[in-house]
Every structure is written in structure tokens, then in C-alpha cells.
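Shown next: data-v8.pdb, given as PDB, C-alpha atoms.
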```pdb
MODEL        1
ATOM      1  CA  MET A   1     -84.263 -79.102   0.816
ATOM      2  CA  SER A   2     -86.013 -81.902   2.685
ATOM      3  CA  PRO A   3     -84.092 -85.077   3.687
ATOM      4  CA  ARG A   4     -86.168 -87.083   1.203
ATOM      5  CA  SER A   5     -85.269 -84.716  -1.677
ATOM      6  CA  MET A   6     -81.589 -84.839  -0.719
ATOM      7  CA  THR A   7     -81.694 -88.652  -0.773
ATOM      8  CA  ARG A   8     -83.274 -88.662  -4.246
ATOM      9  CA  THR A   9     -80.672 -86.213  -5.539
ATOM     10  CA  ARG A  10     -77.836 -88.341  -4.200
ATOM     11  CA  LEU A  11     -79.294 -91.523  -5.694
ATOM     12  CA  ARG A  12     -79.751 -89.795  -9.062
ATOM     13  CA  SER A  13     -76.146 -88.565  -9.002
ATOM     14  CA  ALA A  14     -74.866 -92.012  -8.075
ATOM     15  CA  GLY A  15     -76.868 -93.586 -10.897
ATOM     16  CA  LEU A  16     -75.512 -91.100 -13.432
ATOM     17  CA  ALA A  17     -71.964 -91.800 -12.222
ATOM     18  CA  VAL A  18     -72.453 -95.538 -12.671
ATOM     19  CA  LEU A  19     -73.867 -95.069 -16.186
ATOM     20  CA  ALA A  20     -70.955 -92.809 -17.114
ATOM     21  CA  ALA A  21     -68.435 -95.354 -15.843
ATOM     22  CA  VAL A  22     -70.113 -98.149 -17.807
ATOM     23  CA  GLY A  23     -70.147 -95.999 -20.939
ATOM     24  CA  LEU A  24     -66.455 -95.201 -20.608
ATOM     25  CA  GLY A  25     -65.700 -98.876 -20.062
ATOM     26  CA  LEU A  26     -67.568 -99.884 -23.214
ATOM     27  CA  ALA A  27     -65.870 -97.150 -25.202
ATOM     28  CA  ALA A  28     -62.450 -98.292 -24.050
ATOM     29  CA  ALA A  29     -63.117-101.988 -24.670
ATOM     30  CA  PRO A  30     -61.853-103.478 -27.931
ATOM     31  CA  ALA A  31     -64.422-104.102 -30.636
ATOM     32  CA  LEU A  32     -65.701-107.664 -30.833
ATOM     33  CA  ALA A  33     -64.684-109.667 -33.884
ATOM     34  CA  ALA A  34     -67.455-110.085 -36.405
ATOM     35  CA  GLY A  35     -66.478-113.656 -37.260
ATOM     36  CA  GLU A  36     -66.489-116.737 -35.134
ATOM     37  CA  ALA A  37     -64.048-119.636 -35.215
ATOM     38  CA  LYS A  38     -64.838-123.139 -34.108
ATOM     39  CA  HIS A  39     -63.849-123.903 -30.546
ATOM     40  CA  PRO A  40     -60.495-125.774 -30.470
ATOM     41  CA  ARG A  41     -60.643-129.533 -30.121
ATOM     42  CA  HIS A  42     -59.363-130.979 -26.871
ATOM     43  CA  ALA A  43     -56.152-132.953 -27.455
ATOM     44  CA  GLY A  44     -55.824-134.347 -23.922
ATOM     45  CA  PHE A  45     -52.321-133.024 -23.258
ATOM     46  CA  SER A  46     -50.457-134.482 -20.279
ATOM     47  CA  PHE A  47     -49.414-131.034 -19.041
ATOM     48  CA  GLU A  48     -52.922-129.705 -18.565
ATOM     49  CA  GLY A  49     -54.273-129.133 -15.062
ATOM     50  CA  PRO A  50     -52.529-128.274 -11.800
ATOM     51  CA  PHE A  51     -50.763-131.647 -11.585
ATOM     52  CA  GLY A  52     -49.903-131.986 -15.273
ATOM     53  CA  THR A  53     -46.354-132.506 -16.540
ATOM     54  CA  PHE A  54     -44.798-132.537 -19.991
ATOM     55  CA  ASP A  55     -44.161-135.842 -21.730
ATOM     56  CA  GLN A  56     -40.464-135.756 -22.688
ATOM     57  CA  ALA A  57     -40.951-138.175 -25.595
ATOM     58  CA  GLN A  58     -43.720-135.980 -26.973
ATOM     59  CA  LEU A  59     -41.545-132.881 -26.632
ATOM     60  CA  GLN A  60     -38.763-134.599 -28.566
ATOM     61  CA  ARG A  61     -41.187-135.502 -31.341
ATOM     62  CA  GLY A  62     -42.578-131.979 -31.319
ATOM     63  CA  TYR A  63     -39.099-130.494 -31.606
ATOM     64  CA  LYS A  64     -38.420-132.712 -34.620
ATOM     65  CA  VAL A  65     -41.593-131.488 -36.329
ATOM     66  CA  TYR A  66     -40.597-127.891 -35.615
ATOM     67  CA  ARG A  67     -37.032-128.482 -36.815
ATOM     68  CA  GLU A  68     -37.941-130.263 -40.044
ATOM     69  CA  VAL A  69     -41.131-128.415 -40.958
ATOM     70  CA  CYS A  70     -41.933-125.245 -39.037
ATOM     71  CA  SER A  71     -38.445-123.721 -38.697
ATOM     72  CA  ALA A  72     -38.252-123.165 -42.445
ATOM     73  CA  CYS A  73     -40.660-120.227 -42.024
ATOM     74  CA  HIS A  74     -41.260-119.584 -38.308
ATOM     75  CA  SER A  75     -38.703-118.216 -35.878
ATOM     76  CA  MET A  76     -38.411-118.849 -32.141
ATOM     77  CA  ASN A  77     -36.296-115.853 -31.205
ATOM     78  CA  LEU A  78     -36.873-116.148 -27.452
ATOM     79  CA  VAL A  79     -35.851-119.805 -27.145
ATOM     80  CA  TYR A  80     -32.200-120.687 -26.519
ATOM     81  CA  PHE A  81     -30.663-124.047 -27.305
ATOM     82  CA  ARG A  82     -29.603-124.551 -23.684
ATOM     83  CA  THR A  83     -33.265-124.418 -22.671
ATOM     84  CA  LEU A  84     -33.774-127.733 -24.456
ATOM     85  CA  GLY A  85     -31.516-129.376 -21.872
ATOM     86  CA  GLU A  86     -32.981-127.812 -18.748
ATOM     87  CA  LYS A  87     -35.022-129.873 -16.329
ATOM     88  CA  GLY A  88     -38.378-130.647 -17.842
ATOM     89  CA  GLY A  89     -37.098-129.940 -21.341
ATOM     90  CA  PRO A  90     -37.162-132.345 -24.287
ATOM     91  CA  PHE A  91     -33.462-133.253 -24.018
ATOM     92  CA  TYR A  92     -32.867-133.007 -20.274
ATOM     93  CA  ASP A  93     -30.071-135.322 -19.110
ATOM     94  CA  ALA A  94     -29.659-135.826 -15.367
ATOM     95  CA  HIS A  95     -26.034-136.853 -15.910
ATOM     96  CA  ALA A  96     -25.053-133.599 -17.638
ATOM     97  CA  GLU A  97     -23.163-131.074 -15.515
ATOM     98  CA  ASN A  98     -25.530-128.339 -16.730
ATOM     99  CA  ALA A  99     -27.781-127.606 -19.699
ATOM    100  CA  ALA A 100     -24.970-125.948 -21.674
ATOM    101  CA  GLN A 101     -22.811-129.084 -21.337
ATOM    102  CA  ASN A 102     -25.637-131.412 -22.325
ATOM    103  CA  ARG A 103     -24.302-133.516 -25.221
ATOM    104  CA  TYR A 104     -27.648-133.604 -26.968
ATOM    105  CA  VAL A 105     -28.040-129.840 -26.777
ATOM    106  CA  ARG A 106     -24.536-129.240 -28.098
ATOM    107  CA  ALA A 107     -25.120-131.617 -31.002
ATOM    108  CA  ILE A 108     -28.447-129.970 -31.856
ATOM    109  CA  ALA A 109     -26.975-126.460 -31.721
ATOM    110  CA  ALA A 110     -24.090-127.473 -33.983
ATOM    111  CA  GLU A 111     -26.602-128.287 -36.741
ATOM    112  CA  PHE A 112     -27.404-124.583 -37.091
ATOM    113  CA  GLU A 113     -25.346-121.618 -38.247
ATOM    114  CA  VAL A 114     -25.733-118.171 -36.700
ATOM    115  CA  PRO A 115     -24.232-114.774 -37.570
ATOM    116  CA  GLY A 116     -20.813-114.157 -36.051
ATOM    117  CA  ILE A 117     -17.675-112.055 -36.455
ATOM    118  CA  ASP A 118     -14.276-113.250 -37.611
ATOM    119  CA  THR A 119     -11.945-112.565 -34.680
ATOM    120  CA  GLU A 120      -9.037-111.811 -37.016
ATOM    121  CA  THR A 121     -10.613-109.748 -39.792
ATOM    122  CA  GLY A 122     -13.748-108.449 -38.030
ATOM    123  CA  GLU A 123     -15.874-109.456 -40.999
ATOM    124  CA  ALA A 124     -19.357-110.920 -40.630
ATOM    125  CA  ILE A 125     -19.429-114.692 -40.930
ATOM    126  CA  LEU A 126     -21.673-117.636 -40.190
ATOM    127  CA  ARG A 127     -20.516-119.904 -37.374
ATOM    128  CA  PRO A 128     -21.878-123.087 -35.792
ATOM    129  CA  ALA A 129     -24.350-122.268 -33.036
ATOM    130  CA  THR A 130     -23.619-123.061 -29.398
ATOM    131  CA  ALA A 131     -25.883-123.813 -26.457
ATOM    132  CA  ALA A 132     -25.807-120.095 -25.548
ATOM    133  CA  ASP A 133     -27.380-119.033 -28.856
ATOM    134  CA  ALA A 134     -31.061-118.523 -29.579
ATOM    135  CA  PHE A 135     -32.823-120.421 -32.343
ATOM    136  CA  PRO A 136     -31.831-118.655 -35.578
ATOM    137  CA  ASN A 137     -34.381-116.735 -37.625
ATOM    138  CA  PRO A 138     -34.984-118.231 -41.082
ATOM    139  CA  TYR A 139     -35.144-114.710 -42.558
ATOM    140  CA  PRO A 140     -32.778-111.748 -42.116
ATOM    141  CA  ASN A 141     -35.660-109.339 -41.356
ATOM    142  CA  ALA A 142     -39.440-109.002 -41.350
ATOM    143  CA  THR A 143     -39.516-107.486 -44.842
ATOM    144  CA  ALA A 144     -37.723-110.487 -46.303
ATOM    145  CA  ALA A 145     -40.048-112.831 -44.394
ATOM    146  CA  ALA A 146     -43.141-111.089 -45.809
ATOM    147  CA  ALA A 147     -41.722-111.019 -49.344
ATOM    148  CA  ALA A 148     -41.096-114.772 -49.242
ATOM    149  CA  ASN A 149     -44.598-115.560 -47.999
ATOM    150  CA  GLY A 150     -46.955-113.600 -50.186
ATOM    151  CA  GLY A 151     -46.798-110.416 -48.114
ATOM    152  CA  ALA A 152     -47.573-112.014 -44.728
ATOM    153  CA  ALA A 153     -44.587-112.517 -42.413
ATOM    154  CA  PRO A 154     -44.901-115.803 -40.485
ATOM    155  CA  PRO A 155     -45.322-115.072 -36.759
ATOM    156  CA  ASP A 156     -42.680-115.963 -34.195
ATOM    157  CA  LEU A 157     -43.670-119.084 -32.248
ATOM    158  CA  SER A 158     -41.741-118.417 -29.016
ATOM    159  CA  VAL A 159     -44.835-117.573 -26.976
ATOM    160  CA  MET A 160     -47.586-118.513 -29.429
ATOM    161  CA  ALA A 161     -49.283-120.825 -26.918
ATOM    162  CA  LYS A 162     -49.588-117.860 -24.545
ATOM    163  CA  ALA A 163     -50.731-115.462 -27.253
ATOM    164  CA  ARG A 164     -53.815-117.507 -28.140
ATOM    165  CA  HIS A 165     -56.736-118.577 -25.982
ATOM    166  CA  ASP A 166     -56.416-122.266 -25.091
ATOM    167  CA  GLY A 167     -53.082-122.042 -26.892
ATOM    168  CA  ALA A 168     -51.949-125.677 -27.206
ATOM    169  CA  ASN A 169     -55.384-126.934 -28.243
ATOM    170  CA  TYR A 170     -55.736-124.000 -30.651
ATOM    171  CA  ILE A 171     -52.409-124.793 -32.361
ATOM    172  CA  TYR A 172     -53.286-128.487 -32.534
ATOM    173  CA  SER A 173     -56.729-127.780 -33.987
ATOM    174  CA  LEU A 174     -55.463-125.223 -36.490
ATOM    175  CA  LEU A 175     -52.704-127.467 -37.871
ATOM    176  CA  SER A 176     -54.920-130.521 -38.169
ATOM    177  CA  GLY A 177     -58.124-128.702 -39.112
ATOM    178  CA  TYR A 178     -57.610-127.545 -42.696
ATOM    179  CA  GLN A 179     -60.633-128.225 -44.886
ATOM    180  CA  GLU A 180     -61.784-127.628 -48.443
ATOM    181  CA  ALA A 181     -63.628-124.329 -48.672
ATOM    182  CA  PRO A 182     -67.412-124.902 -48.584
ATOM    183  CA  ALA A 183     -69.292-124.411 -51.867
ATOM    184  CA  GLY A 184     -70.421-120.807 -52.038
ATOM    185  CA  LEU A 185     -67.383-119.392 -50.248
ATOM    186  CA  ALA A 186     -65.225-117.144 -52.448
ATOM    187  CA  ILE A 187     -61.552-117.641 -51.666
ATOM    188  CA  ASN A 188     -58.607-115.863 -53.263
ATOM    189  CA  GLN A 189     -55.497-117.541 -54.599
ATOM    190  CA  GLY A 190     -52.888-118.013 -51.894
ATOM    191  CA  GLN A 191     -55.493-118.311 -49.147
ATOM    192  CA  TYR A 192     -56.736-121.431 -47.365
ATOM    193  CA  TYR A 193     -59.888-122.081 -45.393
ATOM    194  CA  ASN A 194     -59.601-123.209 -41.787
ATOM    195  CA  PRO A 195     -62.616-123.352 -39.437
ATOM    196  CA  TYR A 196     -60.384-122.741 -36.404
ATOM    197  CA  MET A 197     -58.928-119.508 -37.799
ATOM    198  CA  ALA A 198     -60.602-116.336 -36.554
ATOM    199  CA  GLY A 199     -62.315-114.330 -39.287
ATOM    200  CA  ASP A 200     -65.587-113.200 -40.784
ATOM    201  CA  MET A 201     -66.789-115.182 -43.796
ATOM    202  CA  THR A 202     -69.930-113.082 -44.321
ATOM    203  CA  PRO A 203     -68.567-110.846 -47.149
ATOM    204  CA  PHE A 204     -67.311-113.915 -49.035
ATOM    205  CA  TRP A 205     -70.367-116.137 -48.515
ATOM    206  CA  SER A 206     -73.059-116.410 -51.197
ATOM    207  CA  GLY A 207     -75.129-119.032 -49.419
ATOM    208  CA  ASP A 208     -77.708-118.816 -46.656
ATOM    209  CA  PRO A 209     -76.815-115.760 -44.525
ATOM    210  CA  GLU A 210     -78.078-117.636 -41.481
ATOM    211  CA  HIS A 211     -75.466-120.373 -41.967
ATOM    212  CA  VAL A 212     -72.185-118.581 -42.621
ATOM    213  CA  PRO A 213     -69.253-121.027 -42.300
ATOM    214  CA  TYR A 214     -67.123-120.967 -39.186
ATOM    215  CA  GLY A 215     -63.519-119.801 -39.287
ATOM    216  CA  GLY A 216     -61.497-117.677 -41.640
ATOM    217  CA  PHE A 217     -58.772-117.556 -44.253
ATOM    218  CA  ILE A 218     -55.128-118.241 -43.533
ATOM    219  CA  ALA A 219     -52.130-117.530 -45.783
ATOM    220  CA  MET A 220     -50.224-120.622 -44.621
ATOM    221  CA  ALA A 221     -50.783-123.690 -46.742
ATOM    222  CA  PRO A 222     -51.420-126.941 -44.843
ATOM    223  CA  PRO A 223     -47.900-127.538 -43.478
ATOM    224  CA  LEU A 224     -48.233-131.206 -42.494
ATOM    225  CA  ARG A 225     -48.900-134.412 -44.363
ATOM    226  CA  ASP A 226     -48.876-138.018 -43.216
ATOM    227  CA  GLY A 227     -45.386-139.506 -42.946
ATOM    228  CA  GLN A 228     -43.654-136.161 -43.385
ATOM    229  CA  VAL A 229     -41.174-136.860 -40.576
ATOM    230  CA  THR A 230     -39.804-140.044 -39.074
ATOM    231  CA  PHE A 231     -40.042-140.233 -35.307
ATOM    232  CA  ASP A 232     -37.116-141.904 -33.550
ATOM    233  CA  ASP A 233     -39.407-143.770 -31.144
ATOM    234  CA  GLY A 234     -41.402-145.371 -33.940
ATOM    235  CA  THR A 235     -44.579-143.340 -33.394
ATOM    236  CA  GLU A 236     -46.685-143.072 -36.534
ATOM    237  CA  ALA A 237     -46.298-139.594 -38.016
ATOM    238  CA  SER A 238     -49.914-138.863 -38.896
ATOM    239  CA  VAL A 239     -51.068-135.280 -39.350
ATOM    240  CA  ASP A 240     -53.024-135.507 -36.104
ATOM    241  CA  GLN A 241     -50.024-136.885 -34.179
ATOM    242  CA  MET A 242     -47.568-134.344 -35.558
ATOM    243  CA  SER A 243     -50.000-131.497 -34.851
ATOM    244  CA  LYS A 244     -50.417-132.648 -31.274
ATOM    245  CA  ASP A 245     -46.669-133.107 -30.697
ATOM    246  CA  VAL A 246     -45.564-129.779 -32.153
ATOM    247  CA  ALA A 247     -48.359-128.015 -30.227
ATOM    248  CA  ALA A 248     -46.991-129.561 -27.015
ATOM    249  CA  PHE A 249     -43.470-128.412 -27.912
ATOM    250  CA  ILE A 250     -44.637-124.851 -28.593
ATOM    251  CA  ALA A 251     -46.581-124.858 -25.310
ATOM    252  CA  TRP A 252     -43.431-125.955 -23.463
ATOM    253  CA  ALA A 253     -41.303-123.334 -25.269
ATOM    254  CA  SER A 254     -43.840-120.653 -24.313
ATOM    255  CA  GLU A 255     -43.324-121.445 -20.612
ATOM    256  CA  PRO A 256     -40.425-123.853 -19.941
ATOM    257  CA  LYS A 257     -40.789-123.371 -16.182
ATOM    258  CA  ALA A 258     -44.499-124.234 -16.086
ATOM    259  CA  VAL A 259     -44.097-127.498 -14.162
ATOM    260  CA  GLU A 260     -41.623-125.932 -11.757
ATOM    261  CA  ARG A 261     -44.053-123.057 -11.196
ATOM    262  CA  LYS A 262     -46.839-125.512 -10.374
ATOM    263  CA  GLN A 263     -44.639-127.389  -7.902
ATOM    264  CA  THR A 264     -43.571-124.144  -6.240
ATOM    265  CA  GLY A 265     -47.205-123.106  -5.952
ATOM    266  CA  PHE A 266     -48.117-126.332  -4.142
ATOM    267  CA  ALA A 267     -45.205-125.841  -1.734
ATOM    268  CA  VAL A 268     -46.332-122.272  -1.016
ATOM    269  CA  LEU A 269     -49.924-123.385  -0.431
ATOM    270  CA  ALA A 270     -48.764-126.125   1.949
ATOM    271  CA  TYR A 271     -46.679-123.584   3.870
ATOM    272  CA  LEU A 272     -49.576-121.140   4.091
ATOM    273  CA  LEU A 273     -51.936-123.863   5.346
ATOM    274  CA  LEU A 274     -49.397-124.925   7.985
ATOM    275  CA  PHE A 275     -48.820-121.313   9.002
ATOM    276  CA  ALA A 276     -52.570-120.703   9.250
ATOM    277  CA  GLY A 277     -52.955-123.771  11.492
ATOM    278  CA  LEU A 278     -50.133-122.664  13.797
ATOM    279  CA  THR A 279     -51.563-119.161  13.955
ATOM    280  CA  TYR A 280     -54.989-120.466  14.919
ATOM    281  CA  ALA A 281     -53.529-122.821  17.536
ATOM    282  CA  SER A 282     -51.497-119.956  19.045
ATOM    283  CA  TYR A 283     -54.569-117.769  19.102
ATOM    284  CA  ARG A 284     -56.560-120.420  20.942
ATOM    285  CA  ARG A 285     -53.780-120.980  23.471
ATOM    286  CA  ILE A 286     -53.074-117.323  24.219
ATOM    287  CA  TRP A 287     -56.705-116.288  24.575
ATOM    288  CA  LYS A 288     -57.893-119.468  26.288
ATOM    289  CA  GLY A 289     -60.140-118.604  29.221
ATOM    290  CA  VAL A 290     -60.095-114.884  28.457
ATOM    291  CA  ALA A 291     -63.490-113.338  27.978
ATOM    292  CA  HIS A 292     -63.747-111.217  24.862
TER     293      HIS A 292
ENDMDL
END
```

Final C-alpha cells representation of the file:
Amino acid sequence: MSPRSMTRTRLRSAGLAVLAAVGLGLAAAPALAAGEAKHPRHAGFSFEGPFGTFDQAQLQRGYKVYREVCSACHSMNLVYFRTLGEKGGPFYDAHAENAAQNRYVRAIAAEFEVPGIDTETGEAILRPATAADAFPNPYPNATAAAAANGGAAPPDLSVMAKARHDGANYIYSLLSGYQEAPAGLAINQGQYYNPYMAGDMTPFWSGDPEHVPYGGFIAMAPPLRDGQVTFDDGTEASVDQMSKDVAAFIAWASEPKAVERKQTGFAVLAYLLLFAGLTYASYRRIWKGVAH
């Protein structure tokens, strides 16, 4: 075989290998959703960006919305009461010995009851929660949660901001974005239209097929209404404000150490830049005047 023929054979084999790899990659990739939700609105959160930090007042308002509205259906199984009093948290107190001894955290935990065991009889009881306990689940199990909500168990909110693209803005947009279903859209009882909810409206749309509405159906009724809670700092409790505040709280709960992580990252980058400068200076000094 001539060198030119060998080259062609090798190129053909390489091309077939690339096509096979691409085909396997497409086969392994998840199918794209047929529907399209509206892009989340930008809420302008203070914690966005590399230098962003959480607004403690906003986190306190967000916790109140979660406590008085969301916690009736949604759990936060991965969040512990003591986390509320850690640095950067909604109830951090610099004068407290530690988060578990934080007076605000202890008072908040005492408002809840969690399963316990009677130390004398060994029987199951309910006891006041402590700072070491996790937020209690409103339902004993997933089956009970689904039965109480039309067959759809409300999702846990512990890491919801991490589980959704542009999490905080998505939660904010979803909660404040409920709309009346457009004329021509068939919607079943117990469902609600939300343009920020992922879904495919094509099978339910009798209008122009070129203008299918954005969004999808959601089993959760609009959870917020104006004036539903009373904020301690006097902030007006509009649907938009409550949506923004509870979204910030869920974002913080999803990653309580986010600000600390950012600060650590800047310190590491500063160290690496300093180390790189010293390394370069040493290199110049050692090899000064040496031909190479």
C-alpha cells in the first residue's frame, strides 16, 4: 500500500471513530424537554456575583414566609436550627457563644415539636425541638404528603436553589408569576398555569400552533397573597416582596457557606498570585546572566 493510500485509510478510520463517539454521546444525552418555560426574571439579589453577600434582614423575612406559609407543605430536612445562628445566617448573633447557644435559635426551635422517646417508658412522644434538630417534616412520610396534596408530594426545599437553573431567580419568578390560563388552554381541576414552570402546552392548546403559551401546569395553588405575613421590620408584604425574600432564604439554606466559600476563594487566589510572583522573581535571580 502506498503512503498516500495509508494516509487516506487512517483519516477515514479517524473520521469514523469521531462519528461513533458523537453518536454515542447523543444517545447517552438526556432527551430535550418539548416545552419551554419563560426565562426567570432577575430579582437583583444582594448575594449574586463573586462579591455578593446575603442581606440578614431579607433572610429573616424569608424565614418568616417559609415558617408561616411554606412549611405547612414543604420540608427542609437538610437544614438544622443551629444553622440559622451561624455566621452569615438570618439570626447570627456575634455575642452568642456558639450557634447552638444563640437565644434566637433556641427560641425558634422551641416553637416546633419533633419525634422523641420517653426516657422512662421508651414510648414515642413529641418533644420541643432543640438547636441540634433538623426542621421537622410536615408529613410522616411521602405517601401521606402525596395523599394530602392531590397525589403530588411537595418537594423538599433544602437544596431547591441548587436543583434548578438560576435557582433563586427561578423560585422568585415561579412564586410571583402565576397567571390565569390563556383562552384556548385546557386545564384540569387542581392544576394551575404558570409561565415559569417547565412543561409542554402543545397537547392542551387549541389555538394557533405557532403561538403555544410558555410554561406548564403546577399542582401547587398560588401560595402567596398580599399582606399574608407581617414583617417585623415594617416592610410591605406584597406578593413580589415575599417571593423575593423566601427565594433568598431558600438560596441561603441551599448553601449556607456560600459567602465564606467566596472569601476563601479570594484568599487562595491572592496567595497563588503572590506565590507566582515570588517564583518568577526567583527564576530571574537564579538564571540571571546564564545563557539558555

| field | Near-Arg106 in chain A list (9 Å; only C-alpha atoms; drop same-chain fewer than 2 positions) as a PyMOL selection string | value | chain A and resi 81-82+100-104+108-111+129-131

At most 12 Å from (-57.8, -120.0, -53.7), file frame, all atoms listed in the file: which residues, as an mmCIF file with C-alpha atoms, keeping the file's coordinate frame?
```cif
data_model
loop_
_atom_site.group_PDB
_atom_site.id
_atom_site.type_symbol
_atom_site.label_atom_id
_atom_site.label_comp_id
_atom_site.auth_asym_id
_atom_site.auth_seq_id
_atom_site.Cartn_x
_atom_site.Cartn_y
_atom_site.Cartn_z
ATOM 1 C CA GLU A 180 -61.784 -127.628 -48.443
ATOM 2 C CA ALA A 181 -63.628 -124.329 -48.672
ATOM 3 C CA PRO A 182 -67.412 -124.902 -48.584
ATOM 4 C CA LEU A 185 -67.383 -119.392 -50.248
ATOM 5 C CA ALA A 186 -65.225 -117.144 -52.448
ATOM 6 C CA ILE A 187 -61.552 -117.641 -51.666
ATOM 7 C CA ASN A 188 -58.607 -115.863 -53.263
ATOM 8 C CA GLN A 189 -55.497 -117.541 -54.599
ATOM 9 C CA GLY A 190 -52.888 -118.013 -51.894
ATOM 10 C CA GLN A 191 -55.493 -118.311 -49.147
ATOM 11 C CA TYR A 192 -56.736 -121.431 -47.365
ATOM 12 C CA TYR A 193 -59.888 -122.081 -45.393
ATOM 13 C CA PHE A 217 -58.772 -117.556 -44.253
ATOM 14 C CA ILE A 218 -55.128 -118.241 -43.533
ATOM 15 C CA ALA A 219 -52.130 -117.530 -45.783
ATOM 16 C CA MET A 220 -50.224 -120.622 -44.621
ATOM 17 C CA ALA A 221 -50.783 -123.690 -46.742
#
```

If you take only C-alpha atoms and a cut-off of 12 Å, which residues of range 200-239 of chain A touch range 55-71 of chain A, and what are their nearest atom pairs and distances in Å to one decimal, in chain and number order, as CSV?
```
residue,atom,partner,partner_atom,distance
A:Met220,CA,A:Cys70,CA,11.0
A:Ala221,CA,A:Cys70,CA,11.8
A:Pro222,CA,A:Val69,CA,11.1
A:Pro223,CA,A:Val69,CA,7.3
A:Leu224,CA,A:Val69,CA,7.8
A:Arg225,CA,A:Val69,CA,10.4
A:Asp226,CA,A:Val65,CA,12.0
A:Gly227,CA,A:Val65,CA,11.1
A:Gln228,CA,A:Val69,CA,8.5
A:Val229,CA,A:Val65,CA,6.9
A:Thr230,CA,A:Lys64,CA,8.7
A:Phe231,CA,A:Arg61,CA,6.3
A:Asp232,CA,A:Arg61,CA,7.9
A:Asp233,CA,A:Ala57,CA,8.0
A:Gly234,CA,A:Arg61,CA,10.2
A:Thr235,CA,A:Arg61,CA,8.8
A:Glu236,CA,A:Arg61,CA,10.7
A:Ala237,CA,A:Arg61,CA,9.3
A:Ser238,CA,A:Val65,CA,11.4
A:Val239,CA,A:Val65,CA,10.6
```

| request: Rank A:Gly122, A:Phe47, A:Cys73, A:Asp166 by their smallest atom-to-atom distance to Ala142 in chain A, using all atoms listed in the file, and report the top residue only. | output: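 Among the listed residues, the smallest separation from Ala142 in chain A belongs to A:Cys73.
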
| remark: Judged by all atoms listed in the file, the minimum distance to Gly49 in chain A among A:Leu174, A:Ala247, A:Ala258, A:Ala94 is found for A:Ala258

| field | Atomic separation - CA of Tyr172 in chain A relative to CA of Gln263 in chain A, Å | value |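 Those two atoms sit 26.1 Å apart.
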
| note | note - CA of Ala145 in chain A and CA of Asn77 in chain A are separated by 14.0 Å

| field | Coordinates-based distance that separates CA of Ser75 in chain A from CA of Thr143 in chain A (Å, one decimal) | value |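 If I compute the distance from CA of Thr143 in chain A to CA of Ser75 in chain A, I get 14.0 Å.
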
| Once the PyMOL selection byres ((chain A and resi 169) around 9) has been applied to the shown file, what residues remain in the selection, as JSON, numbers by chain? | {"A": [40, 41, 42, 43, 44, 45, 161, 165, 166, 167, 168, 170, 171, 172, 173, 174, 244, 247, 248]}

| query | For Leu84 in chain A, which residue out of A:Ala276, A:Ala132, A:Ala146, A:Leu157 is the nearest one, using all atoms listed in the file? | reply |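 Answer, going by the shortest atom-to-atom distance: A:Ala132.
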
| message | Using all atoms listed in the file for the distances, tell me which of A:Phe112, A:Tyr178, A:Ala183, A:Ser282 is nearest to Gly215 in chain A. | response |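 With all atoms listed in the file as the atom set, the closest residue is A:Tyr178.
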
Around range 156-174 of chain A, fit a box with edges along x, y and z, padding it by 3 Å on each side, then list its centre and edge lengths in Å to one decimal as lines of an AutoDock Vina configuration file.
```
center_x = -49.2
center_y = -122.0
center_z = -30.5
size_x = 21.0
size_y = 19.0
size_z = 17.9
```

| request: Run the PyMOL selection byres ((chain A and resi 253) around 9) on the file and write out the hits as a list in words. | output: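 Taken over the shown coordinates, the PyMOL selection byres ((chain A and resi 253) around 9) returns Met76, Leu78, Val79, Thr83, Leu84, Gly89, Leu157, Ser158, Val159, Met160, Ala161, Ala248, Phe249, Ile250, Ala251, Trp252, Ser254, Glu255 and Pro256 of chain A.
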